[in-house]
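Have a look at model33.pdb; it's PDB, C-alpha atoms:
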ATOM      1  CA  MET A   1       5.930   6.992  33.639
ATOM      2  CA  LEU A   2       5.966   6.435  29.870
ATOM      3  CA  SER A   3       6.531   2.703  30.339
ATOM      4  CA  GLN A   4       3.458   2.550  32.596
ATOM      5  CA  HIS A   5       1.451   4.382  29.944
ATOM      6  CA  ILE A   6       2.677   1.999  27.246
ATOM      7  CA  ALA A   7       1.811  -0.992  29.412
ATOM      8  CA  LYS A   8      -1.780   0.278  29.733
ATOM      9  CA  THR A   9      -2.262   0.950  26.025
ATOM     10  CA  THR A  10      -2.281  -1.005  22.835
ATOM     11  CA  TYR A  11      -0.543   0.085  19.693
ATOM     12  CA  LEU A  12      -2.845  -0.274  16.699
ATOM     13  CA  LEU A  13      -1.614   0.140  13.145
ATOM     14  CA  PRO A  14      -1.984   2.260  11.070
ATOM     15  CA  SER A  15      -3.057   4.933  13.527
ATOM     16  CA  LEU A  16       0.528   5.392  14.812
ATOM     17  CA  ILE A  17      -0.872   6.657  18.108
ATOM     18  CA  PHE A  18      -1.243   4.921  21.455
ATOM     19  CA  HIS A  19      -4.894   4.632  22.442
ATOM     20  CA  PRO A  20      -6.304   2.992  25.537
ATOM     21  CA  ILE A  21      -8.563   0.268  24.162
ATOM     22  CA  SER A  22     -11.185   0.831  26.832
ATOM     23  CA  ASP A  23     -11.479   4.519  25.944
ATOM     24  CA  ARG A  24     -11.964   4.262  22.190
ATOM     25  CA  THR A  25     -14.293   2.468  19.858
ATOM     26  CA  ILE A  26     -12.370   0.454  17.320
ATOM     27  CA  MET A  27     -13.648   1.245  13.850
ATOM     28  CA  PHE A  28     -12.831  -0.647  10.670
ATOM     29  CA  GLY A  29     -11.196  -3.291  12.894
ATOM     30  CA  PHE A  30      -7.763  -1.693  12.640
ATOM     31  CA  SER A  31      -7.932   1.933  13.671
ATOM     32  CA  THR A  32      -9.256   3.950  16.560
ATOM     33  CA  ILE A  33      -9.352   7.215  14.624
ATOM     34  CA  PRO A  34     -12.994   8.018  13.805
ATOM     35  CA  LEU A  35     -12.985   8.797  10.084
ATOM     36  CA  HIS A  36     -16.660   9.620   9.535
ATOM     37  CA  PRO A  37     -16.744  12.677  11.849
ATOM     38  CA  SER A  38     -13.519  13.864  10.236
ATOM     39  CA  LEU A  39     -14.964  13.696   6.726
ATOM     40  CA  VAL A  40     -18.497  15.090   7.023
ATOM     41  CA  HIS A  41     -17.729  18.775   7.517
ATOM     42  CA  PHE A  42     -16.108  19.387   4.125
ATOM     43  CA  PRO A  43     -19.018  18.233   1.947
ATOM     44  CA  ILE A  44     -21.539  19.987   4.206
ATOM     45  CA  ALA A  45     -19.681  23.292   3.907
ATOM     46  CA  LEU A  46     -19.154  22.940   0.157
ATOM     47  CA  LEU A  47     -22.762  21.955  -0.555
ATOM     48  CA  LEU A  48     -24.311  24.741   1.507
ATOM     49  CA  ALA A  49     -21.871  27.405   0.275
ATOM     50  CA  GLY A  50     -22.247  26.147  -3.299
ATOM     51  CA  THR A  51     -26.043  26.279  -3.061
ATOM     52  CA  PHE A  52     -25.937  29.823  -1.734
ATOM     53  CA  ALA A  53     -23.423  30.991  -4.348
ATOM     54  CA  ALA A  54     -25.137  29.281  -7.288
ATOM     55  CA  ILE A  55     -28.533  30.793  -6.471
ATOM     56  CA  VAL A  56     -27.384  34.273  -5.440
ATOM     57  CA  PHE A  57     -24.956  34.731  -8.325
ATOM     58  CA  ARG A  58     -27.412  33.310 -10.879
ATOM     59  CA  LEU A  59     -30.045  35.795  -9.740
ATOM     60  CA  GLY A  60     -27.438  38.564  -9.764
ATOM     61  CA  ALA A  61     -26.239  37.602 -13.256
ATOM     62  CA  ARG A  62     -22.659  37.008 -12.108
ATOM     63  CA  PRO A  63     -21.470  33.968 -14.095
ATOM     64  CA  VAL A  64     -18.116  33.704 -12.308
ATOM     65  CA  GLY A  65     -19.774  33.394  -8.909
ATOM     66  CA  GLU A  66     -22.323  30.940 -10.244
ATOM     67  CA  GLN A  67     -19.502  28.869 -11.735
ATOM     68  CA  TRP A  68     -17.715  28.872  -8.362
ATOM     69  CA  GLY A  69     -20.958  27.686  -6.758
ATOM     70  CA  LEU A  70     -21.250  24.841  -9.262
ATOM     71  CA  TYR A  71     -17.661  23.747  -8.622
ATOM     72  CA  ALA A  72     -18.342  23.799  -4.874
ATOM     73  CA  LEU A  73     -21.539  21.772  -5.385
ATOM     74  CA  LEU A  74     -19.748  19.192  -7.514
ATOM     75  CA  ALA A  75     -16.818  18.911  -5.087
ATOM     76  CA  GLY A  76     -19.187  18.607  -2.130
ATOM     77  CA  TRP A  77     -21.308  16.012  -3.921
ATOM     78  CA  ILE A  78     -18.224  13.903  -4.688
ATOM     79  CA  LEU A  79     -16.869  14.273  -1.137
ATOM     80  CA  VAL A  80     -20.152  12.956   0.266
ATOM     81  CA  ILE A  81     -19.200   9.502  -1.047
ATOM     82  CA  PRO A  82     -16.378   8.799   1.473
ATOM     83  CA  ALA A  83     -18.526  10.270   4.250
ATOM     84  CA  LEU A  84     -21.400   7.940   3.315
ATOM     85  CA  ILE A  85     -19.124   4.903   3.144
ATOM     86  CA  THR A  86     -17.464   5.563   6.504
ATOM     87  CA  GLY A  87     -20.838   6.372   8.049
ATOM     88  CA  LEU A  88     -22.279   3.055   6.868
ATOM     89  CA  ILE A  89     -19.273   1.206   8.256
ATOM     90  CA  ASP A  90     -19.597   2.994  11.603
ATOM     91  CA  LYS A  91     -23.354   2.355  11.621
ATOM     92  CA  SER A  92     -22.774  -1.383  11.227
ATOM     93  CA  ALA A  93     -21.131  -1.393  14.681
ATOM     94  CA  LEU A  94     -24.347  -0.212  16.383
ATOM     95  CA  PRO A  95     -26.651  -2.755  18.057
ATOM     96  CA  PRO A  96     -29.538  -3.466  15.631
ATOM     97  CA  ASP A  97     -32.463  -2.707  17.955
ATOM     98  CA  SER A  98     -30.918   0.213  19.813
ATOM     99  CA  PRO A  99     -32.246   3.797  19.849
ATOM    100  CA  GLU A 100     -28.884   4.808  18.387
ATOM    101  CA  ASN A 101     -29.433   2.563  15.367
ATOM    102  CA  GLN A 102     -32.975   3.872  14.853
ATOM    103  CA  LEU A 103     -31.717   7.460  14.804
ATOM    104  CA  ALA A 104     -28.783   6.422  12.602
ATOM    105  CA  ASN A 105     -31.296   4.968  10.113
ATOM    106  CA  ILE A 106     -33.070   8.339   9.914
ATOM    107  CA  HIS A 107     -29.722  10.121   9.526
ATOM    108  CA  THR A 108     -28.528   7.696   6.835
ATOM    109  CA  THR A 109     -31.780   7.819   4.861
ATOM    110  CA  GLY A 110     -31.764  11.615   4.949
ATOM    111  CA  MET A 111     -28.190  11.767   3.718
ATOM    112  CA  PHE A 112     -28.879   9.402   0.818
ATOM    113  CA  VAL A 113     -31.955  11.463  -0.146
ATOM    114  CA  MET A 114     -29.857  14.653   0.051
ATOM    115  CA  TRP A 115     -27.145  13.098  -2.114
ATOM    116  CA  GLY A 116     -29.733  12.091  -4.723
ATOM    117  CA  LEU A 117     -31.360  15.542  -4.746
ATOM    118  CA  TYR A 118     -28.025  17.306  -5.219
ATOM    119  CA  GLY A 119     -27.069  14.779  -7.905
ATOM    120  CA  LEU A 120     -30.335  15.436  -9.743
ATOM    121  CA  ALA A 121     -29.825  19.201  -9.452
ATOM    122  CA  LEU A 122     -26.291  18.935 -10.853
ATOM    123  CA  TYR A 123     -27.463  16.693 -13.694
ATOM    124  CA  LEU A 124     -30.359  18.984 -14.628
ATOM    125  CA  HIS A 125     -28.069  22.011 -14.555
ATOM    126  CA  TYR A 126     -25.651  20.247 -16.888
ATOM    127  CA  VAL A 127     -28.400  19.215 -19.330
ATOM    128  CA  TRP A 128     -30.316  22.494 -19.269
ATOM    129  CA  ALA A 129     -27.295  24.803 -19.307
ATOM    130  CA  LYS A 130     -25.823  22.903 -22.240
ATOM    131  CA  LYS A 131     -29.010  23.663 -24.212
ATOM    132  CA  ALA A 132     -29.146  27.237 -22.874
ATOM    133  CA  ALA A 133     -32.514  26.297 -21.389
ATOM    134  CA  LEU A 134     -31.852  27.044 -17.708
ATOM    135  CA  THR A 135     -34.321  29.922 -17.660
ATOM    136  CA  GLY A 136     -37.833  30.606 -16.449
ATOM    137  CA  THR A 137     -39.556  27.628 -14.855
ATOM    138  CA  ARG A 138     -36.530  25.355 -15.243
ATOM    139  CA  GLN A 139     -34.369  27.801 -13.329
ATOM    140  CA  TRP A 140     -36.885  27.858 -10.462
ATOM    141  CA  ILE A 141     -37.108  24.052 -10.479
ATOM    142  CA  TRP A 142     -33.317  23.963 -10.172
ATOM    143  CA  PHE A 143     -33.382  26.494  -7.319
ATOM    144  CA  GLY A 144     -36.106  24.458  -5.625
ATOM    145  CA  LEU A 145     -34.054  21.267  -5.864
ATOM    146  CA  LEU A 146     -31.009  23.010  -4.391
ATOM    147  CA  ILE A 147     -33.033  24.502  -1.539
ATOM    148  CA  LEU A 148     -34.811  21.211  -0.831
ATOM    149  CA  ALA A 149     -31.479  19.348  -0.830
ATOM    150  CA  SER A 150     -30.053  21.947   1.581
ATOM    151  CA  ILE A 151     -33.014  21.570   3.936
ATOM    152  CA  VAL A 152     -32.681  17.777   3.904
ATOM    153  CA  LEU A 153     -28.922  18.150   4.508
ATOM    154  CA  ILE A 154     -29.485  20.391   7.524
ATOM    155  CA  LEU A 155     -32.191  18.148   9.003
ATOM    156  CA  ALA A 156     -30.249  14.912   8.445
ATOM    157  CA  GLY A 157     -27.056  16.551   9.704
ATOM    158  CA  HIS A 158     -28.909  17.560  12.845
ATOM    159  CA  GLN A 159     -29.806  13.903  13.401
ATOM    160  CA  GLY A 160     -26.114  13.051  13.109
ATOM    161  CA  GLY A 161     -25.374  15.701  15.718
ATOM    162  CA  ARG A 162     -28.011  14.167  17.989
ATOM    163  CA  LEU A 163     -26.284  10.794  17.626
ATOM    164  CA  VAL A 164     -23.106  12.317  19.011
ATOM    165  CA  TYR A 165     -24.317  14.905  21.510
ATOM    166  CA  GLU A 166     -27.483  13.264  22.866
ATOM    167  CA  LEU A 167     -26.758   9.546  22.532
ATOM    168  CA  GLY A 168     -22.945   9.640  22.764
ATOM    169  CA  VAL A 169     -22.246   7.592  19.627
ATOM    170  CA  GLY A 170     -18.519   7.669  18.847
ATOM    171  CA  VAL A 171     -17.684   9.678  21.965
ATOM    172  CA  VAL A 172     -14.654   8.774  24.063
ATOM    173  CA  ARG A 173     -15.885   7.646  27.459
TER     174      ARG A 173
END

Rewrite the coordinates I just gave you, this time as structure tokens.
Amino acid sequence: MLSQHIAKTTYLLPSLIFHPISDRTIMFGFSTIPLHPSLVHFPIALLLAGTFAAIVFRLGARPVGEQWGLYALLAGWILVIPALITGLIDKSALPPDSPENQLANIHTTGMFVMWGLYGLALYLHYVWAKKAALTGTRQWIWFGLLILASIVLILAGHQGGRLVYELGVGVVR
């Protein structure tokens, strides 16, 4: 039984797992393990939780909670980088004129915009907090950037979900 299974599969390094070639999309040319879907959930969770914590604890004058929110935002922002890279690599495997590629373009653009908005928010917080000037209008600008980045993240993430659940991109068939 195992020998029949082995005969029907191909062993691809470095995945160390037997995968039927016909059932999996080969990504990166050497592995059948989809990295992008494995990486996206951590930055999403950190960015949304960090946004919530930074705003709520800043309004509640709880510096420890706000600091935790900033660490979560920074970690999430950094962890977006591998998700973006693997997403771009996976996107390059899509046919150029396909509906999947058109939706992937919307998803990718949204994620780059989100990454820039969060980066700007983190930079402004660093500059303004260092000068003790993160008050009044500047504080509300910072909140607005965080909220806008979160909205873009949710909308662009939804497009990524549509790629998987509506169009079947990256799904084992």

Straight-line distance linking atom CA of Gly50 of chain A with atom CA of Leu73 of chain A, stated in Å to one decimal: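 So the answer is 4.9 Å.
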
Pick from A:Leu39, A:Leu48, A:Leu122, A:Val64 nearest to Leu79 of chain A, counting all atoms listed in the file: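 Among the listed residues, the smallest separation from Leu79 of chain A belongs to A:Leu39.
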
Ground truth for the PyMOL selection byres ((chain A and resi 40-47) around 8), written as a ChimeraX atom specification: /A:36-39,48-51,72-73,75-80,83,150,153

Among the residues A:Leu148, A:Leu35, A:Leu163, A:Ile154, the one that comes closest to Thr86 of chain A [using all atoms listed in the file]: A:Leu35

One-decimal distance in Å that lies between atom CA of Leu117 of chain A and atom CA of Gly157 of chain A: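 Computing the Euclidean distance for atom CA of Gly157 of chain A and atom CA of Leu117 of chain A yields 15.1 Å.
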
Point-to-point distance from atom CA of Val164 of chain A to atom CA of His107 of chain A, Å rounded to tenths: 11.8 Å

Centre and edges of the segment 152-171 of chain A box, axis-aligned, 3 Å extra per side, as AutoDock Vina command-line options:
--center_x -25.2 --center_y 14.0 --center_z 13.4 --size_x 21.0 --size_y 18.8 --size_z 25.0
